[in-house]
Structure formats: structure tokens, C-alpha cells
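> Can you keep this structure in mind? I'll have questions shortly.
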Amino acid sequence: RALGRELGLPEDVVERHPFPGPGLAIRVLCTLTPYMCDQFSRTNNILAAIVDFDTISKKQNPSSAVQHILSTTSDEEQKMLRRISSQCQLSATLLPIKTVGVQGDCRTYSYVAALSSDKNPNWTHSMWLAKLIPRICHNINRVCHVFGKHVVGPITTVSPTFLTPGILSLLRHADNKAQTVLHESGLSRQISQMPVVLIPIHFDRDPERLSFEPSCQHSVVIRTFITNDFMTGIPATPGKQLPESVLGKMVDQILALPGVSRVLFDLTAKPPGTTEWE
């Protein structure tokens, strides 16, 4: 950027966000089948226990999920978890896809946890949960908020996805909508990078039609990433570094695109999630 200014390049060119070297298509998660290892059901149970911790932790005979939470969290964290779960009325479910993360000194391919609610999100609480959940469940390296009504889980299907012209066009349009809103809001310099990711998840399918009505829609993830060196970083918090009105405008414009099921917001720091999803 310093060199670009010395050369006299326009400021909007100099301040452009880094573009993925392999091309925008690297932000499409392609798959034919859902990723559901033998820990899928157990991890889903633990997620459900986390967001309902205040209620189920009071039972006389705690479940194995509750026992796992108690063994992996401090007394202070349990107190905070009770407060959040009693106030926020969250739902949580695993998504049957893999995303890249970095945990310890290793790169990981692990699950995404999706938080949702019928109420407006408390972003401070959601960010706190996004830090805690990967520590409780080591096979989760990314946590997202799903806009819209609460998600009824479990999600066990994916939309078969390849790098076809239609899929790439959908991602280009979604990326353009989000990047244009960010640029017009004057926030491009505050956000280090904003990957927009297309994932093969079709939410809100009729359970009675799953067997004969294929999954066909996709969802879009917005990741507003703030960093000094791209080695570590944090997500921009809505209402703080990112005005909720700006985020809401991105969501509304992306949802207007044909073939988009839901929009998600990536709550994950680096580590445990990487800047990109793939």
C-alpha cells in the first residue's frame, strides 16, 4: 500500500482488501455428501446443553453432555454460561460441513457450530460463546450466527455443490453486494478483510419431504476480519467496529438473491478459525 501511494495509485485501489490467490472460487465449499463422523450426534447434544445450560445443569442426574461441559470449564465460565443461556434463548446445531482452522500448532478440518434465535442477537454474548465452544468441543473450529428465526436441527443434508458457472455467479453476486455496502459505508479501512463464503447448506427444509425433495439452496457467510498481521485476528463485533445497520443491509441484499437460503455471520477469532474457510 505504501508503494501504491508512492506510485500515485487511487486510494480506493490502494485500500482494496486482499483477494484470494487461488481466485474467488476458493470461497465455495464443494461437497457431495454431508460430513457426519461418529461424534456428530454427541457434539450436537453438547451444543444443545451449552445453550440451555442454566436449565439442564440444575437436574439431579446430569447428562454426559453436562458432565463434559462441567469438566472443561471453570466456575466463572459456568456462571457466565448460566446467565447467557437464561437470557438469550439460543438454539445451536452443527452444520455437516468441514472448515479450515488452526488449533494448537496444527491445521484442522472441523465442524461449524451455528447459533440462532428468534430474538435479536446479543453480540457480546455470542462472541463470548464463540470463544468457549471450540474449547469445550475440540472438533469445532468455527462458530457462526444464523440470521432469521431460530434453526430447527439437526441439519443432516447438504446441497451437492461443484464449481459450476451458476454457483460461481451466485458467489460473485453475493460478494459484490456485501463489498459494495462496506465500501459505501466508508468502513473498508476499519475491516482488514471480508471473505464472503458460499456453503452447501439449505436451511428450513420440510422434514417430511427430505427423502424425496433434494437440498438445492445455498447459504452465504460474511466474515468481517480485523488483524494487524493476518497471523491472528478477531471478528468485527456488530454494534462496535461494524454498525448493525451496515450488516443488516448486507444481509437483506444477499437474501434477495435467488437460491440463497440464509445468511450467517462468522463469530470466530483466529485461532481457532483461519481467515478464510477453505
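Residue numbers start at 1 in each chain; chains themselves are named A, B, ... in the order of the C-alpha cells; ligands are numbered from 1 in the order shown.
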List the neighbours of stretch 127-136 of chain A out to 8 Å using only C-alpha atoms; skip same-chain residues closer than 3 positions along the sequence, and give me the result as an MDAnalysis selection string.
chainID A and resid 47 68:69 72:73 123:124 139:144 237 267:269 272
> Extract, using only C-alpha atoms, all DNA, RNA and protein residues at most 8 Å from A:Asp52, discarding same-chain residues fewer than 6 positions from it, and format them as an MDAnalysis selection string.
chainID A and resid 85:86 89:90
> With N, CA, C and O atoms kept, could you save the residues just selected as a short mmCIF file (atom, residue, chain, number, x, y, z; two decimals), in the first residue's frame?

data_model
loop_
_atom_site.label_atom_id
_atom_site.label_comp_id
_atom_site.auth_asym_id
_atom_site.auth_seq_id
_atom_site.Cartn_x
_atom_site.Cartn_y
_atom_site.Cartn_z
N SER A 85 -27.39 -18.37 28.93
CA SER A 85 -28.41 -19.32 28.49
C SER A 85 -29.79 -19.00 29.06
O SER A 85 -30.80 -19.37 28.46
N SER A 86 -29.84 -18.30 30.19
CA SER A 86 -31.14 -17.92 30.76
C SER A 86 -31.71 -16.68 30.10
O SER A 86 -32.92 -16.46 30.12
N GLN A 89 -32.04 -17.30 25.00
CA GLN A 89 -32.92 -18.24 24.31
C GLN A 89 -32.36 -18.63 22.94
O GLN A 89 -32.99 -18.45 21.90
N LEU A 90 -31.15 -19.18 22.98
CA LEU A 90 -30.46 -19.56 21.75
C LEU A 90 -30.74 -21.00 21.36
O LEU A 90 -31.04 -21.85 22.20
#
> Mind checking which residues fall within 6 Å of stretch 30-35 of chain A, counting only C-alpha atoms, ignoring those fewer than 5 positions away in the same chain, and posting them as a list in words?
Pro96, Ile97, Thr157, Val158, Pro160, Thr161 and Phe162 of chain A
> Which is closest to A:Ile155 among A:Pro207, A:Pro18, A:Pro235, A:Pro121, if we use only C-alpha atoms?
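Result for the nearest residue to A:Ile155: A:Pro207.
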> Counting only C-alpha atoms, which of A:Val181, A:Ala113, A:Ala256, A:Leu247 gets nearest to A:His145?
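Closest residue, counting only C-alpha atoms: A:Ala113.
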> Might you pull out every residue within 12 Å of A:Lys58, with only C-alpha atoms counted and same-chain residues fewer than 4 positions away left off, and present them as a list in words?
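So the residues in contact are Ala49, Asp52, Phe53, Asp54, Pro62, Ser63, Val66, Gln67 and Arg82 of chain A.
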> Mind dumping the selected residues with N, CA, C and O atoms as a PDB file, in the first residue's frame?

ATOM      1  N   ALA A  49     -26.748 -28.588  25.091  1.00  0.00           N
ATOM      2  CA  ALA A  49     -26.584 -28.410  26.538  1.00  0.00           C
ATOM      3  C   ALA A  49     -25.933 -27.068  26.861  1.00  0.00           C
ATOM      4  O   ALA A  49     -26.261 -26.432  27.870  1.00  0.00           O
ATOM      5  N   ASP A  52     -28.549 -24.315  26.679  1.00  0.00           N
ATOM      6  CA  ASP A  52     -29.629 -24.496  27.658  1.00  0.00           C
ATOM      7  C   ASP A  52     -29.045 -24.870  29.025  1.00  0.00           C
ATOM      8  O   ASP A  52     -29.693 -25.525  29.832  1.00  0.00           O
ATOM      9  N   PHE A  53     -27.831 -24.390  29.264  1.00  0.00           N
ATOM     10  CA  PHE A  53     -27.072 -24.833  30.437  1.00  0.00           C
ATOM     11  C   PHE A  53     -27.754 -24.470  31.748  1.00  0.00           C
ATOM     12  O   PHE A  53     -27.732 -25.242  32.708  1.00  0.00           O
ATOM     13  N   ASP A  54     -28.368 -23.309  31.816  1.00  0.00           N
ATOM     14  CA  ASP A  54     -28.996 -22.871  33.061  1.00  0.00           C
ATOM     15  C   ASP A  54     -30.091 -23.829  33.503  1.00  0.00           C
ATOM     16  O   ASP A  54     -30.242 -24.093  34.699  1.00  0.00           O
ATOM     17  N   PRO A  62     -27.089 -35.193  36.073  1.00  0.00           N
ATOM     18  CA  PRO A  62     -26.636 -34.512  34.856  1.00  0.00           C
ATOM     19  C   PRO A  62     -26.284 -35.502  33.744  1.00  0.00           C
ATOM     20  O   PRO A  62     -25.738 -36.580  33.998  1.00  0.00           O
ATOM     21  N   SER A  63     -26.611 -35.130  32.535  1.00  0.00           N
ATOM     22  CA  SER A  63     -26.300 -35.971  31.376  1.00  0.00           C
ATOM     23  C   SER A  63     -24.800 -35.967  31.112  1.00  0.00           C
ATOM     24  O   SER A  63     -24.048 -35.167  31.680  1.00  0.00           O
ATOM     25  N   VAL A  66     -23.667 -32.538  29.940  1.00  0.00           N
ATOM     26  CA  VAL A  66     -23.465 -31.576  31.024  1.00  0.00           C
ATOM     27  C   VAL A  66     -22.174 -31.884  31.767  1.00  0.00           C
ATOM     28  O   VAL A  66     -21.402 -30.975  32.112  1.00  0.00           O
ATOM     29  N   GLN A  67     -21.924 -33.146  32.022  1.00  0.00           N
ATOM     30  CA  GLN A  67     -20.689 -33.535  32.712  1.00  0.00           C
ATOM     31  C   GLN A  67     -19.460 -33.106  31.902  1.00  0.00           C
ATOM     32  O   GLN A  67     -18.457 -32.669  32.478  1.00  0.00           O
ATOM     33  N   ARG A  82     -24.531 -19.864  32.537  1.00  0.00           N
ATOM     34  CA  ARG A  82     -25.895 -19.895  33.095  1.00  0.00           C
ATOM     35  C   ARG A  82     -26.617 -18.580  32.810  1.00  0.00           C
ATOM     36  O   ARG A  82     -27.801 -18.566  32.454  1.00  0.00           O
TER      37      ARG A  82
END
> So which one's closest to A:Pro20, A:Val251, A:Val196, A:Ala65, A:Ala174? Using only C-alpha atoms, please.
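So, comparing all the options, the nearest one is A:Val196.
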> Can you pull out every residue within 8 Å of A:Ile84, counting only C-alpha atoms, but drop anything in the same chain fewer than 3 positions away, and send it as a list in words?
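So the residues in contact are Val51, Met80, Leu81, Gln87, Cys88 and His125 of chain A.
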> Produce a file of the selected residues containing N, CA and C atoms, as a PDB file, in the first residue's frame.

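Produced file again_2.pdb, reproduced below:
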ATOM      1  N   VAL A  51     -26.258 -24.146  25.209  1.00  0.00           N
ATOM      2  CA  VAL A  51     -27.185 -23.011  25.081  1.00  0.00           C
ATOM      3  C   VAL A  51     -28.391 -23.143  26.013  1.00  0.00           C
ATOM      4  N   MET A  80     -21.142 -17.599  33.953  1.00  0.00           N
ATOM      5  CA  MET A  80     -21.458 -16.781  32.788  1.00  0.00           C
ATOM      6  C   MET A  80     -22.364 -17.542  31.821  1.00  0.00           C
ATOM      7  N   LEU A  81     -22.106 -18.827  31.655  1.00  0.00           N
ATOM      8  CA  LEU A  81     -22.900 -19.645  30.744  1.00  0.00           C
ATOM      9  C   LEU A  81     -24.348 -19.753  31.231  1.00  0.00           C
ATOM     10  N   GLN A  87     -30.853 -15.878  29.463  1.00  0.00           N
ATOM     11  CA  GLN A  87     -31.297 -14.605  28.884  1.00  0.00           C
ATOM     12  C   GLN A  87     -31.524 -14.658  27.375  1.00  0.00           C
ATOM     13  N   CYS A  88     -30.711 -15.430  26.661  1.00  0.00           N
ATOM     14  CA  CYS A  88     -30.655 -15.284  25.200  1.00  0.00           C
ATOM     15  C   CYS A  88     -31.588 -16.205  24.416  1.00  0.00           C
ATOM     16  N   HIS A 125     -22.534 -11.531  23.963  1.00  0.00           N
ATOM     17  CA  HIS A 125     -22.706 -12.903  24.428  1.00  0.00           C
ATOM     18  C   HIS A 125     -22.345 -13.912  23.335  1.00  0.00           C
TER      19      HIS A 125
END
> Measuring atom to atom with only C-alpha atoms, identify which of A:Thr156, A:Ser185, A:Thr274, A:Asp118 is nearest to A:Ser211.
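Closest candidate: A:Thr156.
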> Nearest to A:Cys37: which of A:Leu95, A:Val14, A:Leu168, A:Ala2 is it, counting only C-alpha atoms?
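Between A:Leu95, A:Val14, A:Leu168, A:Ala2, the residue approaching A:Cys37 most closely is A:Leu95.
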> Can you list, as a list of chain:residue names, every protein, DNA or RNA residue that comes within 12 Å of A:Val13 when you count only C-alpha atoms, leaving out same-chain residues fewer than 3 positions away?
A:Arg1, A:Ala2, A:Leu3, A:Gly4, A:Arg5, A:Leu7, A:Gly8, A:Leu9, A:Pro10, A:Arg16, A:His17, A:Pro18, A:His183, A:Ser188, A:Arg189
> For those residues, write N, CA and C atoms to a file as a compact mmCIF listing (two decimals), in the first residue's frame.

# COMPACT_ATOMS: atom_id res chain seq x y z
N ARG A 1 0.83 -1.20 0.00
CA ARG A 1 0.00 0.00 0.00
C ARG A 1 0.87 1.26 0.00
N ALA A 2 1.99 1.21 0.76
CA ALA A 2 2.90 2.36 0.75
C ALA A 2 3.48 2.58 -0.65
N LEU A 3 3.82 1.49 -1.31
CA LEU A 3 4.35 1.57 -2.67
C LEU A 3 3.28 2.10 -3.62
N GLY A 4 2.04 1.64 -3.43
CA GLY A 4 0.95 2.11 -4.29
C GLY A 4 0.75 3.60 -4.18
N ARG A 5 0.86 4.13 -2.95
CA ARG A 5 0.71 5.58 -2.77
C ARG A 5 1.87 6.33 -3.41
N LEU A 7 3.40 5.45 -6.02
CA LEU A 7 3.16 5.41 -7.46
C LEU A 7 1.98 6.28 -7.88
N GLY A 8 1.27 6.81 -6.88
CA GLY A 8 0.14 7.68 -7.20
C GLY A 8 -1.14 6.96 -7.57
N LEU A 9 -1.27 5.70 -7.15
CA LEU A 9 -2.49 4.96 -7.46
C LEU A 9 -3.66 5.53 -6.67
N PRO A 10 -4.88 5.42 -7.20
CA PRO A 10 -6.06 5.93 -6.48
C PRO A 10 -6.22 5.25 -5.13
N ARG A 16 -7.91 -1.52 -1.28
CA ARG A 16 -8.68 -2.73 -1.55
C ARG A 16 -8.24 -3.87 -0.64
N HIS A 17 -9.18 -4.70 -0.25
CA HIS A 17 -8.86 -5.84 0.60
C HIS A 17 -8.07 -6.89 -0.18
N PRO A 18 -7.25 -7.70 0.53
CA PRO A 18 -6.55 -8.79 -0.15
C PRO A 18 -7.53 -9.71 -0.86
N HIS A 183 -18.00 -0.71 1.23
CA HIS A 183 -17.28 0.43 0.62
C HIS A 183 -18.10 1.71 0.75
N SER A 188 -14.18 0.31 4.82
CA SER A 188 -13.21 -0.61 4.24
C SER A 188 -11.87 -0.60 4.97
N ARG A 189 -11.47 0.55 5.50
CA ARG A 189 -10.17 0.64 6.17
C ARG A 189 -10.23 0.06 7.58
> Using DSSP on the backbone coordinates, identify the residues of stretch 119-188 of chain A assigned to strand (DSSP E or B); present them as a PyMOL selection string.
chain A and resi 140-146+161
> The selected residues should be written to file as a JSON list (two decimals), in the first residue's frame (atoms: C-alpha atoms).

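The result, stored in part17.json:
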[["chain", "number", "residue", "atom", "x", "y", "z"],
["A", 140, "ILE", "CA", -15.49, -27.49, 16.29],
["A", 141, "ASN", "CA", -13.22, -24.75, 14.97],
["A", 142, "ARG", "CA", -15.76, -22.16, 13.83],
["A", 143, "VAL", "CA", -18.93, -20.62, 15.28],
["A", 144, "CYS", "CA", -21.48, -18.54, 13.34],
["A", 145, "HIS", "CA", -24.69, -16.66, 13.97],
["A", 146, "VAL", "CA", -27.54, -17.51, 11.58],
["A", 161, "THR", "CA", -22.02, -28.43, -4.95]]
> List every residue of stretch 105-263 of chain A that DSSP, applied to the backbone of this structure, assigns to alpha helix (DSSP H), and report them as an NGL selection string.
:A and (123-136 or 165-184 or 244-255)
> Between A:Val263, A:Ala178, A:Met36, A:Gln60, which is the closest to A:Lys98 once you count only C-alpha atoms?
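Going through A:Val263, A:Ala178, A:Met36, A:Gln60 one by one, the smallest distance to A:Lys98 is for A:Met36.
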> What is the distance between atom CA of A:Val220 and atom CA of A:Leu198, in Å to one decimal?
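Atom-to-atom, atom CA of A:Val220 and atom CA of A:Leu198 are spaced 4.7 Å apart.
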> Could you state the separation of atom CA of A:Gln78 and atom CA of A:Lys270 in Å, given to one decimal place?
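Atom CA of A:Lys270 lies 23.6 Å from atom CA of A:Gln78.
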> Neighbouring residues of A:Leu170 were defined as those with any atom within 9 Å, considering only C-alpha atoms; residues of the same chain fewer than 6 positions away were excluded. Please report them as a ChimeraX atom specification.
/A:198,257-260
> As an exercise, work out the distance from atom CA of A:Asp206 to atom CA of A:Lys149 in Å and give it to one decimal place.
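For atom CA of A:Asp206 relative to atom CA of A:Lys149, the distance reads 15.0 Å.
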